[in-house]
>>> print(open('query06.cif').read())   # mmCIF, C-alpha atoms
data_start
#
loop_
_atom_site.group_PDB
_atom_site.id
_atom_site.type_symbol
_atom_site.label_atom_id
_atom_site.label_comp_id
_atom_site.auth_asym_id
_atom_site.auth_seq_id
_atom_site.Cartn_x
_atom_site.Cartn_y
_atom_site.Cartn_z
ATOM 1 C CA MET A 1 59.879 19.269 -85.080
ATOM 2 C CA LYS A 2 60.979 15.846 -86.220
ATOM 3 C CA GLN A 3 58.737 14.104 -88.686
ATOM 4 C CA VAL A 4 58.525 10.365 -88.509
ATOM 5 C CA ILE A 5 57.455 7.984 -91.240
ATOM 6 C CA ARG A 6 55.878 4.835 -89.887
ATOM 7 C CA ALA A 7 56.130 1.668 -91.905
ATOM 8 C CA ILE A 8 53.227 -0.003 -93.638
ATOM 9 C CA GLY A 9 52.808 -3.772 -93.561
ATOM 10 C CA ALA A 10 56.211 -5.430 -93.381
ATOM 11 C CA GLY A 11 58.119 -2.236 -92.884
ATOM 12 C CA MET A 12 57.960 -0.861 -96.447
ATOM 13 C CA LEU A 13 58.100 2.901 -96.688
ATOM 14 C CA ALA A 14 55.540 4.802 -98.703
ATOM 15 C CA LEU A 15 56.772 7.681 -100.828
ATOM 16 C CA GLY A 16 53.278 9.091 -101.104
ATOM 17 C CA ILE A 17 53.560 10.632 -97.638
ATOM 18 C CA LEU A 18 56.578 12.742 -98.460
ATOM 19 C CA GLY A 19 56.031 16.415 -97.907
ATOM 20 C CA THR A 20 56.351 18.767 -100.855
ATOM 21 C CA ALA A 21 56.744 21.964 -98.879
ATOM 22 C CA GLY A 22 59.727 23.892 -100.138
ATOM 23 C CA ALA A 23 60.137 21.472 -103.054
ATOM 24 C CA ALA A 24 62.717 22.448 -105.616
ATOM 25 C CA GLN A 25 62.375 22.220 -109.381
ATOM 26 C CA ALA A 26 62.460 18.590 -110.454
ATOM 27 C CA ASP A 27 65.909 17.569 -111.709
ATOM 28 C CA ASP A 28 66.120 16.351 -115.331
ATOM 29 C CA LYS A 29 68.724 13.847 -114.177
ATOM 30 C CA VAL A 30 69.778 12.734 -110.717
ATOM 31 C CA THR A 31 73.297 11.462 -110.130
ATOM 32 C CA LEU A 32 73.218 10.000 -106.645
ATOM 33 C CA GLY A 33 76.353 9.021 -104.761
ATOM 34 C CA VAL A 34 76.179 6.350 -102.071
ATOM 35 C CA ALA A 35 79.032 6.317 -99.520
ATOM 36 C CA ILE A 36 79.072 3.343 -97.132
ATOM 37 C CA PRO A 37 81.556 1.289 -95.070
ATOM 38 C CA THR A 38 83.091 -1.854 -96.543
ATOM 39 C CA ALA A 39 81.626 -5.237 -95.589
ATOM 40 C CA ASP A 40 83.809 -5.792 -92.527
ATOM 41 C CA HIS A 41 81.152 -7.757 -90.590
ATOM 42 C CA GLY A 42 77.695 -9.206 -91.115
ATOM 43 C CA PHE A 43 75.662 -6.032 -90.762
ATOM 44 C CA THR A 44 77.844 -3.903 -93.051
ATOM 45 C CA GLY A 45 77.901 -6.827 -95.478
ATOM 46 C CA GLY A 46 74.146 -6.412 -95.575
ATOM 47 C CA ILE A 47 74.509 -2.653 -96.062
ATOM 48 C CA VAL A 48 76.706 -3.184 -99.140
ATOM 49 C CA TRP A 49 74.372 -5.837 -100.566
ATOM 50 C CA TRP A 50 71.239 -3.705 -100.157
ATOM 51 C CA ALA A 51 72.962 -0.600 -101.563
ATOM 52 C CA ASN A 52 73.919 -2.442 -104.732
ATOM 53 C CA LYS A 53 70.438 -3.928 -105.002
ATOM 54 C CA ALA A 54 68.992 -0.403 -104.764
ATOM 55 C CA LYS A 55 71.309 0.713 -107.569
ATOM 56 C CA ALA A 56 70.198 -2.166 -109.801
ATOM 57 C CA ASP A 57 66.489 -1.802 -109.060
ATOM 58 C CA LEU A 58 66.273 1.982 -109.242
ATOM 59 C CA GLU A 59 68.419 2.511 -112.346
ATOM 60 C CA LYS A 60 66.245 -0.026 -114.154
ATOM 61 C CA GLU A 61 63.087 1.766 -113.037
ATOM 62 C CA HIS A 62 64.269 5.356 -113.589
ATOM 63 C CA PRO A 63 66.181 6.114 -116.841
ATOM 64 C CA ASN A 64 67.148 9.580 -115.551
ATOM 65 C CA LEU A 65 68.845 8.183 -112.440
ATOM 66 C CA LYS A 66 72.464 7.156 -112.015
ATOM 67 C CA VAL A 67 73.609 5.631 -108.700
ATOM 68 C CA ILE A 68 77.315 5.405 -107.811
ATOM 69 C CA VAL A 69 78.174 3.177 -104.821
ATOM 70 C CA LYS A 70 81.479 3.708 -102.990
ATOM 71 C CA THR A 71 82.701 1.585 -100.063
ATOM 72 C CA ALA A 72 85.399 2.734 -97.621
ATOM 73 C CA ALA A 73 87.534 0.865 -95.087
ATOM 74 C CA GLY A 74 87.975 3.944 -92.897
ATOM 75 C CA ALA A 75 86.948 7.533 -92.329
ATOM 76 C CA PRO A 76 89.823 9.152 -94.318
ATOM 77 C CA GLU A 77 89.056 6.980 -97.348
ATOM 78 C CA GLN A 78 85.370 7.861 -97.146
ATOM 79 C CA ALA A 79 86.184 11.583 -96.940
ATOM 80 C CA ASN A 80 88.334 11.290 -100.078
ATOM 81 C CA GLN A 81 85.545 9.429 -101.845
ATOM 82 C CA LEU A 82 83.161 12.296 -101.108
ATOM 83 C CA GLN A 83 85.513 14.710 -102.887
ATOM 84 C CA ASP A 84 85.673 12.400 -105.919
ATOM 85 C CA LEU A 85 81.899 11.993 -106.018
ATOM 86 C CA VAL A 86 81.492 15.757 -106.225
ATOM 87 C CA THR A 87 84.399 16.701 -108.521
ATOM 88 C CA VAL A 88 84.652 13.624 -110.766
ATOM 89 C CA ASN A 89 81.170 12.090 -110.752
ATOM 90 C CA LYS A 90 79.318 15.422 -110.464
ATOM 91 C CA ILE A 91 76.695 14.079 -108.059
ATOM 92 C CA ASN A 92 73.690 16.224 -107.143
ATOM 93 C CA ALA A 93 72.475 13.935 -104.343
ATOM 94 C CA LEU A 94 74.283 11.917 -101.663
ATOM 95 C CA VAL A 95 73.258 9.104 -99.347
ATOM 96 C CA ILE A 96 75.951 8.448 -96.751
ATOM 97 C CA PHE A 97 76.307 5.902 -93.961
ATOM 98 C CA PRO A 98 79.202 7.650 -92.194
ATOM 99 C CA PHE A 99 82.102 5.472 -91.156
ATOM 100 C CA GLU A 100 82.402 7.729 -88.109
ATOM 101 C CA SER A 101 80.288 10.638 -86.959
ATOM 102 C CA ALA A 102 82.721 13.364 -85.905
ATOM 103 C CA SER A 103 85.384 12.973 -88.584
ATOM 104 C CA LEU A 104 82.883 12.860 -91.448
ATOM 105 C CA THR A 105 80.798 15.866 -90.391
ATOM 106 C CA GLN A 106 82.997 18.505 -92.021
ATOM 107 C CA PRO A 107 83.545 16.574 -95.293
ATOM 108 C CA VAL A 108 79.788 16.055 -95.608
ATOM 109 C CA ALA A 109 79.161 19.728 -94.839
ATOM 110 C CA GLN A 110 81.499 20.646 -97.697
ATOM 111 C CA VAL A 111 79.483 18.441 -100.052
ATOM 112 C CA LYS A 112 76.241 20.116 -98.986
ATOM 113 C CA LYS A 113 77.794 23.568 -99.571
ATOM 114 C CA LYS A 114 78.337 22.537 -103.203
ATOM 115 C CA GLY A 115 74.561 22.302 -103.591
ATOM 116 C CA VAL A 116 74.324 18.520 -103.215
ATOM 117 C CA TYR A 117 71.236 17.172 -101.432
ATOM 118 C CA VAL A 118 72.485 15.068 -98.486
ATOM 119 C CA THR A 119 70.742 12.174 -96.721
ATOM 120 C CA VAL A 120 72.623 10.727 -93.721
ATOM 121 C CA VAL A 121 71.853 7.159 -92.644
ATOM 122 C CA ASP A 122 72.090 5.570 -89.172
ATOM 123 C CA ARG A 123 75.342 6.981 -87.752
ATOM 124 C CA GLY A 124 74.421 10.625 -87.308
ATOM 125 C CA LEU A 125 76.728 13.606 -87.801
ATOM 126 C CA THR A 126 77.785 15.839 -84.932
ATOM 127 C CA ASP A 127 76.263 18.860 -86.713
ATOM 128 C CA THR A 128 72.874 18.228 -88.292
ATOM 129 C CA SER A 129 73.135 21.401 -90.398
ATOM 130 C CA ALA A 130 75.497 19.379 -92.605
ATOM 131 C CA GLN A 131 72.572 17.260 -93.819
ATOM 132 C CA ASP A 132 69.179 17.712 -95.453
ATOM 133 C CA ALA A 133 67.646 14.492 -94.132
ATOM 134 C CA TYR A 134 68.373 11.694 -91.676
ATOM 135 C CA VAL A 135 67.175 8.076 -91.979
ATOM 136 C CA ALA A 136 67.702 5.505 -89.226
ATOM 137 C CA GLY A 137 66.264 2.511 -87.463
ATOM 138 C CA ASP A 138 64.298 2.889 -84.248
ATOM 139 C CA ASN A 139 66.795 2.282 -81.451
ATOM 140 C CA THR A 140 64.254 2.965 -78.721
ATOM 141 C CA ALA A 141 61.944 0.250 -80.060
ATOM 142 C CA PHE A 142 64.985 -2.010 -80.508
ATOM 143 C CA GLY A 143 65.371 -1.997 -76.713
ATOM 144 C CA ARG A 144 61.717 -1.745 -75.733
ATOM 145 C CA ILE A 145 60.372 -4.634 -77.827
ATOM 146 C CA PRO A 146 62.694 -7.337 -76.399
ATOM 147 C CA ALA A 147 61.955 -6.187 -72.840
ATOM 148 C CA GLU A 148 58.213 -6.379 -73.437
ATOM 149 C CA PHE A 149 58.534 -9.821 -75.038
ATOM 150 C CA LEU A 150 60.713 -11.232 -72.254
ATOM 151 C CA ALA A 151 58.481 -9.814 -69.529
ATOM 152 C CA LYS A 152 55.473 -11.543 -71.071
ATOM 153 C CA ALA A 153 57.316 -14.797 -71.848
ATOM 154 C CA LEU A 154 58.637 -14.994 -68.270
ATOM 155 C CA ASP A 155 55.240 -14.120 -66.822
ATOM 156 C CA GLY A 156 56.741 -11.127 -65.040
ATOM 157 C CA LYS A 157 59.378 -12.973 -63.020
ATOM 158 C CA GLY A 158 62.842 -14.400 -63.562
ATOM 159 C CA ASP A 159 66.563 -13.748 -63.884
ATOM 160 C CA ILE A 160 68.021 -12.083 -66.994
ATOM 161 C CA VAL A 161 71.545 -11.323 -68.174
ATOM 162 C CA ALA A 162 72.247 -8.788 -70.899
ATOM 163 C CA LEU A 163 74.959 -8.144 -73.459
ATOM 164 C CA ARG A 164 75.378 -4.607 -74.725
ATOM 165 C CA GLY A 165 77.084 -3.442 -77.894
ATOM 166 C CA ILE A 166 79.795 -0.782 -78.025
ATOM 167 C CA PRO A 167 79.621 2.270 -75.706
ATOM 168 C CA THR A 168 77.747 4.663 -78.002
ATOM 169 C CA THR A 169 74.674 6.882 -77.886
ATOM 170 C CA LEU A 170 72.943 4.251 -80.018
ATOM 171 C CA ASP A 171 73.625 1.536 -77.436
ATOM 172 C CA ASN A 172 72.577 3.894 -74.622
ATOM 173 C CA GLU A 173 69.210 4.498 -76.300
ATOM 174 C CA ARG A 174 68.590 0.773 -76.569
ATOM 175 C CA TRP A 175 69.659 0.012 -72.996
ATOM 176 C CA THR A 176 67.595 2.857 -71.523
ATOM 177 C CA ALA A 177 64.498 1.671 -73.366
ATOM 178 C CA PHE A 178 65.068 -1.930 -72.274
ATOM 179 C CA THR A 179 65.540 -1.095 -68.596
ATOM 180 C CA ASN A 180 62.672 1.396 -68.548
ATOM 181 C CA VAL A 181 60.251 -1.364 -69.494
ATOM 182 C CA LEU A 182 61.591 -3.748 -66.845
ATOM 183 C CA LYS A 183 61.178 -1.125 -64.121
ATOM 184 C CA GLY A 184 57.529 -2.111 -64.290
ATOM 185 C CA TYR A 185 58.393 -5.728 -63.457
ATOM 186 C CA PRO A 186 60.028 -5.802 -60.002
ATOM 187 C CA ASN A 187 60.188 -9.602 -60.018
ATOM 188 C CA ILE A 188 62.457 -9.652 -63.070
ATOM 189 C CA LYS A 189 66.079 -9.208 -62.059
ATOM 190 C CA ILE A 190 68.887 -8.162 -64.415
ATOM 191 C CA LEU A 191 71.814 -10.108 -62.952
ATOM 192 C CA ASP A 192 74.454 -8.291 -65.002
ATOM 193 C CA ALA A 193 75.004 -6.389 -68.256
ATOM 194 C CA LYS A 194 78.363 -6.216 -70.013
ATOM 195 C CA TYR A 195 79.584 -4.886 -73.350
ATOM 196 C CA ALA A 196 80.327 -7.553 -75.961
ATOM 197 C CA ASN A 197 80.949 -5.194 -78.875
ATOM 198 C CA TRP A 198 78.388 -6.691 -81.290
ATOM 199 C CA ASN A 199 80.908 -9.495 -81.738
ATOM 200 C CA ARG A 200 80.331 -13.265 -81.645
ATOM 201 C CA ASP A 201 83.632 -14.136 -79.969
ATOM 202 C CA ASP A 202 83.313 -11.409 -77.332
ATOM 203 C CA ALA A 203 79.744 -12.475 -76.641
ATOM 204 C CA PHE A 204 80.869 -16.090 -76.222
ATOM 205 C CA LYS A 205 83.387 -15.004 -73.560
ATOM 206 C CA VAL A 206 80.902 -12.766 -71.743
ATOM 207 C CA MET A 207 78.290 -15.524 -71.697
ATOM 208 C CA GLN A 208 80.855 -18.030 -70.417
ATOM 209 C CA ASP A 209 81.497 -15.654 -67.522
ATOM 210 C CA TYR A 210 77.764 -15.335 -66.811
ATOM 211 C CA LEU A 211 77.269 -19.101 -66.868
ATOM 212 C CA THR A 212 80.145 -19.554 -64.429
ATOM 213 C CA ARG A 213 78.927 -16.918 -61.995
ATOM 214 C CA PHE A 214 75.161 -17.474 -62.145
ATOM 215 C CA LYS A 215 73.786 -20.926 -61.475
ATOM 216 C CA HIS A 216 70.351 -20.043 -62.821
ATOM 217 C CA ILE A 217 69.504 -17.793 -65.790
ATOM 218 C CA ASP A 218 66.048 -17.707 -67.335
ATOM 219 C CA ALA A 219 66.716 -15.531 -70.373
ATOM 220 C CA VAL A 220 69.401 -13.560 -72.208
ATOM 221 C CA TRP A 221 69.042 -10.260 -74.005
ATOM 222 C CA ALA A 222 71.925 -10.463 -76.480
ATOM 223 C CA ALA A 223 70.919 -7.196 -78.179
ATOM 224 C CA ASP A 224 72.366 -8.297 -81.543
ATOM 225 C CA ASP A 225 72.061 -11.425 -83.666
ATOM 226 C CA ASP A 226 75.829 -11.865 -84.034
ATOM 227 C CA MET A 227 76.187 -11.737 -80.254
ATOM 228 C CA ALA A 228 73.307 -14.184 -79.901
ATOM 229 C CA VAL A 229 75.289 -16.739 -81.917
ATOM 230 C CA GLY A 230 78.143 -16.507 -79.405
ATOM 231 C CA VAL A 231 75.701 -16.738 -76.510
ATOM 232 C CA LEU A 232 74.085 -19.898 -77.888
ATOM 233 C CA LYS A 233 77.491 -21.506 -78.400
ATOM 234 C CA ALA A 234 78.448 -20.838 -74.782
ATOM 235 C CA ILE A 235 75.143 -22.239 -73.479
ATOM 236 C CA ASP A 236 75.511 -25.388 -75.589
ATOM 237 C CA GLN A 237 79.097 -25.950 -74.494
ATOM 238 C CA ALA A 238 78.121 -25.551 -70.836
ATOM 239 C CA LYS A 239 75.172 -27.911 -71.381
ATOM 240 C CA ARG A 240 72.881 -25.570 -69.460
ATOM 241 C CA SER A 241 69.166 -26.305 -69.671
ATOM 242 C CA ASP A 242 67.935 -23.427 -67.491
ATOM 243 C CA VAL A 243 68.262 -20.723 -70.183
ATOM 244 C CA LYS A 244 64.916 -20.783 -71.975
ATOM 245 C CA ILE A 245 65.151 -17.703 -74.242
ATOM 246 C CA VAL A 246 67.931 -15.899 -76.102
ATOM 247 C CA PHE A 247 66.719 -12.679 -77.705
ATOM 248 C CA GLY A 248 69.099 -11.133 -80.248
ATOM 249 C CA GLY A 249 68.299 -8.281 -82.553
ATOM 250 C CA ALA A 250 68.507 -6.863 -86.096
ATOM 251 C CA GLY A 251 66.723 -9.622 -88.012
ATOM 252 C CA SER A 252 69.664 -11.500 -89.545
ATOM 253 C CA LYS A 253 68.605 -14.238 -91.943
ATOM 254 C CA GLY A 254 70.001 -16.932 -89.644
ATOM 255 C CA MET A 255 68.028 -15.792 -86.622
ATOM 256 C CA VAL A 256 64.867 -15.161 -88.634
ATOM 257 C CA LYS A 257 65.164 -18.705 -90.019
ATOM 258 C CA ASN A 258 65.495 -19.969 -86.435
ATOM 259 C CA VAL A 259 62.287 -18.155 -85.527
ATOM 260 C CA MET A 260 60.543 -19.582 -88.598
ATOM 261 C CA ASP A 261 61.710 -23.103 -87.760
ATOM 262 C CA GLY A 262 60.649 -22.878 -84.111
ATOM 263 C CA ALA A 263 64.128 -23.129 -82.566
ATOM 264 C CA PRO A 264 63.549 -23.649 -78.819
ATOM 265 C CA ARG A 265 65.530 -20.687 -77.472
ATOM 266 C CA ILE A 266 65.031 -18.302 -80.422
ATOM 267 C CA GLN A 267 61.359 -17.497 -80.081
ATOM 268 C CA ALA A 268 61.459 -13.974 -81.519
ATOM 269 C CA ASP A 269 63.685 -11.212 -82.856
ATOM 270 C CA VAL A 270 63.432 -7.492 -83.522
ATOM 271 C CA SER A 271 64.022 -5.912 -86.904
ATOM 272 C CA TYR A 272 66.830 -3.448 -87.520
ATOM 273 C CA SER A 273 67.661 -4.502 -91.021
ATOM 274 C CA PRO A 274 70.518 -3.106 -93.121
ATOM 275 C CA LYS A 275 67.752 -2.800 -95.714
ATOM 276 C CA PHE A 276 67.245 0.747 -94.425
ATOM 277 C CA ILE A 277 70.082 1.795 -96.768
ATOM 278 C CA TYR A 278 67.899 0.560 -99.656
ATOM 279 C CA ASP A 279 64.958 2.545 -98.316
ATOM 280 C CA ALA A 280 67.100 5.672 -97.854
ATOM 281 C CA ILE A 281 68.467 5.465 -101.417
ATOM 282 C CA LYS A 282 65.004 4.863 -102.870
ATOM 283 C CA LEU A 283 63.385 7.671 -100.914
ATOM 284 C CA THR A 284 66.132 10.146 -101.763
ATOM 285 C CA ALA A 285 66.344 9.253 -105.453
ATOM 286 C CA GLU A 286 62.618 9.327 -106.103
ATOM 287 C CA ALA A 287 62.120 12.515 -104.114
ATOM 288 C CA ARG A 288 64.888 14.317 -106.016
ATOM 289 C CA LEU A 289 63.566 13.106 -109.370
ATOM 290 C CA LYS A 290 60.314 14.844 -108.403
ATOM 291 C CA GLY A 291 62.115 17.893 -107.004
ATOM 292 C CA GLU A 292 60.858 17.042 -103.518
ATOM 293 C CA LYS A 293 62.547 16.898 -100.135
ATOM 294 C CA LEU A 294 62.417 14.242 -97.442
ATOM 295 C CA PRO A 295 61.270 14.980 -93.894
ATOM 296 C CA ALA A 296 64.157 16.110 -91.684
ATOM 297 C CA THR A 297 64.084 12.755 -89.874
ATOM 298 C CA THR A 298 62.728 9.394 -91.013
ATOM 299 C CA ILE A 299 62.704 6.600 -88.452
ATOM 300 C CA ILE A 300 62.205 3.123 -89.898
ATOM 301 C CA PRO A 301 60.321 1.190 -87.222
ATOM 302 C CA SER A 302 61.739 -1.818 -85.440
ATOM 303 C CA VAL A 303 59.163 -4.602 -85.480
ATOM 304 C CA LEU A 304 58.746 -7.718 -83.353
ATOM 305 C CA ILE A 305 59.545 -10.765 -85.496
ATOM 306 C CA THR A 306 57.673 -13.922 -84.508
ATOM 307 C CA LYS A 307 56.915 -17.212 -86.242
ATOM 308 C CA GLU A 308 53.720 -15.661 -87.589
ATOM 309 C CA ASN A 309 55.397 -12.845 -89.539
ATOM 310 C CA ALA A 310 59.014 -14.040 -89.881
ATOM 311 C CA GLN A 311 58.685 -14.869 -93.589
ATOM 312 C CA GLN A 312 58.239 -11.142 -94.311
ATOM 313 C CA PHE A 313 61.691 -10.440 -92.818
ATOM 314 C CA TYR A 314 63.566 -13.385 -94.357
ATOM 315 C CA PHE A 315 65.980 -12.410 -97.148
ATOM 316 C CA PRO A 316 68.009 -15.561 -97.890
ATOM 317 C CA ASP A 317 70.106 -13.911 -100.620
ATOM 318 C CA SER A 318 71.366 -11.205 -98.276
ATOM 319 C CA PRO A 319 74.708 -11.859 -96.564
ATOM 320 C CA PHE A 320 73.125 -10.808 -93.257
#
>>> encode(input="query06.cif", output="structure tokens")
Amino acid sequence: MKQVIRAIGAGMLALGILGTAGAAQADDKVTLGVAIPTADHGFTGGIVWWANKAKADLEKEHPNLKVIVKTAAGAPEQANQLQDLVTVNKINALVIFPFESASLTQPVAQVKKKGVYVTVVDRGLTDTSAQDAYVAGDNTAFGRIPAEFLAKALDGKGDIVALRGIPTTLDNERWTAFTNVLKGYPNIKILDAKYANWNRDDAFKVMQDYLTRFKHIDAVWAADDDMAVGVLKAIDQAKRSDVKIVFGGAGSKGMVKNVMDGAPRIQADVSYSPKFIYDAIKLTAEARLKGEKLPATTIIPSVLITKENAQQFYFPDSPF
């Protein structure tokens, strides 16, 4: 049965609730490899930044810990890096944000067979036996929270358009959760929903199409902060005053700052921060230093970000 760690306060994870059942002998030294994609867009830029911050913070705090961060521009490169981490760097723990799920499953399984403790982050593997632990954001809450906010803000009635990400199980989870909430609000109509690939330019084009076809739109679920930027640009260019709310997602510093500053259309956001790579590295490193294991699954909650709590989610030094 999946175990879930719920966040405390502003989403910080507490190590004190880790289970010790089946704990191994504490390692004298932990050499932890971190395998992540290169910073090819805002979110992965945040992943790289938080991974390196975890390295700096944790190595300073734990003299017996060494963290090696590797970034890859594609799945083959990441698979090769895993081999090097095992044979050259002699890691005994791995935290990996797989570039792709299917093509990385076997390489990760080979690492685990070498006796390395494996934590997989966000993009799951196709065979969970290849991992010891899985850490991810809450995609169900990522879809549910915006729907609940919009339903309340619109007083249960109005016209909405939506922009989805890339056709993936992750996007399906978010969309299902969003639409399930709105089934309880028959006077809210979803005019259309199209994929915009978590991309600003694609979102701009999709929103232009919506604004051309629909003469009245009350709110937009952009489902990603990068897409929300494209949506806002299209609305401004069209000089439309009917769109009252644009709800993005993931808690980028730009959107959180908009919430803090009271931007008219950006009233709230939902957290899905790349900081979860920091949490995954910290949890794995400190557990292995104690000879402990993580729960099989750790879901880092997505939280509604409003003007009242936005400061807790604002990381101005992060690239995302």
>>> closest_residue(input="query06.cif", among="A:Asp226, A:Asp261, A:Glu77, A:Asp57", to="Glu100 of chain A", atoms="all atoms listed in the file")
A:Glu77
>>> resolve_selection(input="query06.cif", expression="the PyMOL selection byres ((chain A and resi 255) around 12)", output="JSON, numbers by chain")
{"A": [224, 225, 226, 227, 228, 229, 232, 246, 247, 248, 249, 250, 251, 252, 253, 254, 256, 257, 258, 259, 260, 261, 262, 263, 264, 265, 266, 267, 268, 269, 270, 271, 305, 306, 307, 310, 311, 313, 314, 315, 316, 320]}
>>> atom_distance(input="query06.cif", atom1="atom CA of Asn92 of chain A", atom2="atom CA of Arg288 of chain A")
9.1 Å
>>> residues_around(input="query06.cif", residues="Ala93 of chain A", least_positions_apart="4", cutoff="10 Å", atoms="all atoms listed in the file", output="MDAnalysis selection string")
chainID A and resid 30:34 67 85:86 111:112 115:119 281 284:285 288
>>> resolve_selection(input="query06.cif", expression="the PyMOL selection byres ((chain A and resi 134) around 12)", output="JSON, numbers by chain")
{"A": [2, 3, 4, 5, 94, 95, 96, 97, 98, 117, 118, 119, 120, 121, 122, 123, 124, 125, 127, 128, 129, 130, 131, 132, 133, 135, 136, 137, 276, 277, 279, 280, 281, 283, 284, 293, 294, 295, 296, 297, 298, 299, 300]}
>>> write_last_selection(input="query06.cif", atoms="C-alpha atoms", output="PDB file, in the coordinates of the input")
ATOM      1  CA  LYS A   2      60.979  15.846 -86.220  1.00  0.00           C
ATOM      2  CA  GLN A   3      58.737  14.104 -88.686  1.00  0.00           C
ATOM      3  CA  VAL A   4      58.525  10.365 -88.509  1.00  0.00           C
ATOM      4  CA  ILE A   5      57.455   7.984 -91.240  1.00  0.00           C
ATOM      5  CA  LEU A  94      74.283  11.917-101.663  1.00  0.00           C
ATOM      6  CA  VAL A  95      73.258   9.104 -99.347  1.00  0.00           C
ATOM      7  CA  ILE A  96      75.951   8.448 -96.751  1.00  0.00           C
ATOM      8  CA  PHE A  97      76.307   5.902 -93.961  1.00  0.00           C
ATOM      9  CA  PRO A  98      79.202   7.650 -92.194  1.00  0.00           C
ATOM     10  CA  TYR A 117      71.236  17.172-101.432  1.00  0.00           C
ATOM     11  CA  VAL A 118      72.485  15.068 -98.486  1.00  0.00           C
ATOM     12  CA  THR A 119      70.742  12.174 -96.721  1.00  0.00           C
ATOM     13  CA  VAL A 120      72.623  10.727 -93.721  1.00  0.00           C
ATOM     14  CA  VAL A 121      71.853   7.159 -92.644  1.00  0.00           C
ATOM     15  CA  ASP A 122      72.090   5.570 -89.172  1.00  0.00           C
ATOM     16  CA  ARG A 123      75.342   6.981 -87.752  1.00  0.00           C
ATOM     17  CA  GLY A 124      74.421  10.625 -87.308  1.00  0.00           C
ATOM     18  CA  LEU A 125      76.728  13.606 -87.801  1.00  0.00           C
ATOM     19  CA  ASP A 127      76.263  18.860 -86.713  1.00  0.00           C
ATOM     20  CA  THR A 128      72.874  18.228 -88.292  1.00  0.00           C
ATOM     21  CA  SER A 129      73.135  21.401 -90.398  1.00  0.00           C
ATOM     22  CA  ALA A 130      75.497  19.379 -92.605  1.00  0.00           C
ATOM     23  CA  GLN A 131      72.572  17.260 -93.819  1.00  0.00           C
ATOM     24  CA  ASP A 132      69.179  17.712 -95.453  1.00  0.00           C
ATOM     25  CA  ALA A 133      67.646  14.492 -94.132  1.00  0.00           C
ATOM     26  CA  VAL A 135      67.175   8.076 -91.979  1.00  0.00           C
ATOM     27  CA  ALA A 136      67.702   5.505 -89.226  1.00  0.00           C
ATOM     28  CA  GLY A 137      66.264   2.511 -87.463  1.00  0.00           C
ATOM     29  CA  PHE A 276      67.245   0.747 -94.425  1.00  0.00           C
ATOM     30  CA  ILE A 277      70.082   1.795 -96.768  1.00  0.00           C
ATOM     31  CA  ASP A 279      64.958   2.545 -98.316  1.00  0.00           C
ATOM     32  CA  ALA A 280      67.100   5.672 -97.854  1.00  0.00           C
ATOM     33  CA  ILE A 281      68.467   5.465-101.417  1.00  0.00           C
ATOM     34  CA  LEU A 283      63.385   7.671-100.914  1.00  0.00           C
ATOM     35  CA  THR A 284      66.132  10.146-101.763  1.00  0.00           C
ATOM     36  CA  LYS A 293      62.547  16.898-100.135  1.00  0.00           C
ATOM     37  CA  LEU A 294      62.417  14.242 -97.442  1.00  0.00           C
ATOM     38  CA  PRO A 295      61.270  14.980 -93.894  1.00  0.00           C
ATOM     39  CA  ALA A 296      64.157  16.110 -91.684  1.00  0.00           C
ATOM     40  CA  THR A 297      64.084  12.755 -89.874  1.00  0.00           C
ATOM     41  CA  THR A 298      62.728   9.394 -91.013  1.00  0.00           C
ATOM     42  CA  ILE A 299      62.704   6.600 -88.452  1.00  0.00           C
ATOM     43  CA  ILE A 300      62.205   3.123 -89.898  1.00  0.00           C
TER      44      ILE A 300
END
>>> resolve_selection(input="query06.cif", expression="the PyMOL selection byres ((chain A and resi 230) around 12)", output="JSON, numbers by chain")
{"A": [163, 196, 197, 198, 199, 200, 201, 202, 203, 204, 205, 206, 207, 208, 220, 222, 223, 224, 225, 226, 227, 228, 229, 231, 232, 233, 234, 235, 236, 237, 246, 248]}
>>> write_last_selection(input="query06.cif", atoms="C-alpha atoms", output="tab-separated table (two decimals), in the coordinates of the input")
chain	number	residue	atom	x	y	z
A	163	LEU	CA	74.96	-8.14	-73.46
A	196	ALA	CA	80.33	-7.55	-75.96
A	197	ASN	CA	80.95	-5.19	-78.88
A	198	TRP	CA	78.39	-6.69	-81.29
A	199	ASN	CA	80.91	-9.49	-81.74
A	200	ARG	CA	80.33	-13.26	-81.64
A	201	ASP	CA	83.63	-14.14	-79.97
A	202	ASP	CA	83.31	-11.41	-77.33
A	203	ALA	CA	79.74	-12.48	-76.64
A	204	PHE	CA	80.87	-16.09	-76.22
A	205	LYS	CA	83.39	-15.00	-73.56
A	206	VAL	CA	80.90	-12.77	-71.74
A	207	MET	CA	78.29	-15.52	-71.70
A	208	GLN	CA	80.86	-18.03	-70.42
A	220	VAL	CA	69.40	-13.56	-72.21
A	222	ALA	CA	71.92	-10.46	-76.48
A	223	ALA	CA	70.92	-7.20	-78.18
A	224	ASP	CA	72.37	-8.30	-81.54
A	225	ASP	CA	72.06	-11.42	-83.67
A	226	ASP	CA	75.83	-11.86	-84.03
A	227	MET	CA	76.19	-11.74	-80.25
A	228	ALA	CA	73.31	-14.18	-79.90
A	229	VAL	CA	75.29	-16.74	-81.92
A	231	VAL	CA	75.70	-16.74	-76.51
A	232	LEU	CA	74.08	-19.90	-77.89
A	233	LYS	CA	77.49	-21.51	-78.40
A	234	ALA	CA	78.45	-20.84	-74.78
A	235	ILE	CA	75.14	-22.24	-73.48
A	236	ASP	CA	75.51	-25.39	-75.59
A	237	GLN	CA	79.10	-25.95	-74.49
A	246	VAL	CA	67.93	-15.90	-76.10
A	248	GLY	CA	69.10	-11.13	-80.25
>>> atom_distance(input="query06.cif", atom1="atom CA of Ile188 of chain A", atom2="atom CA of Val243 of chain A")
14.4 Å
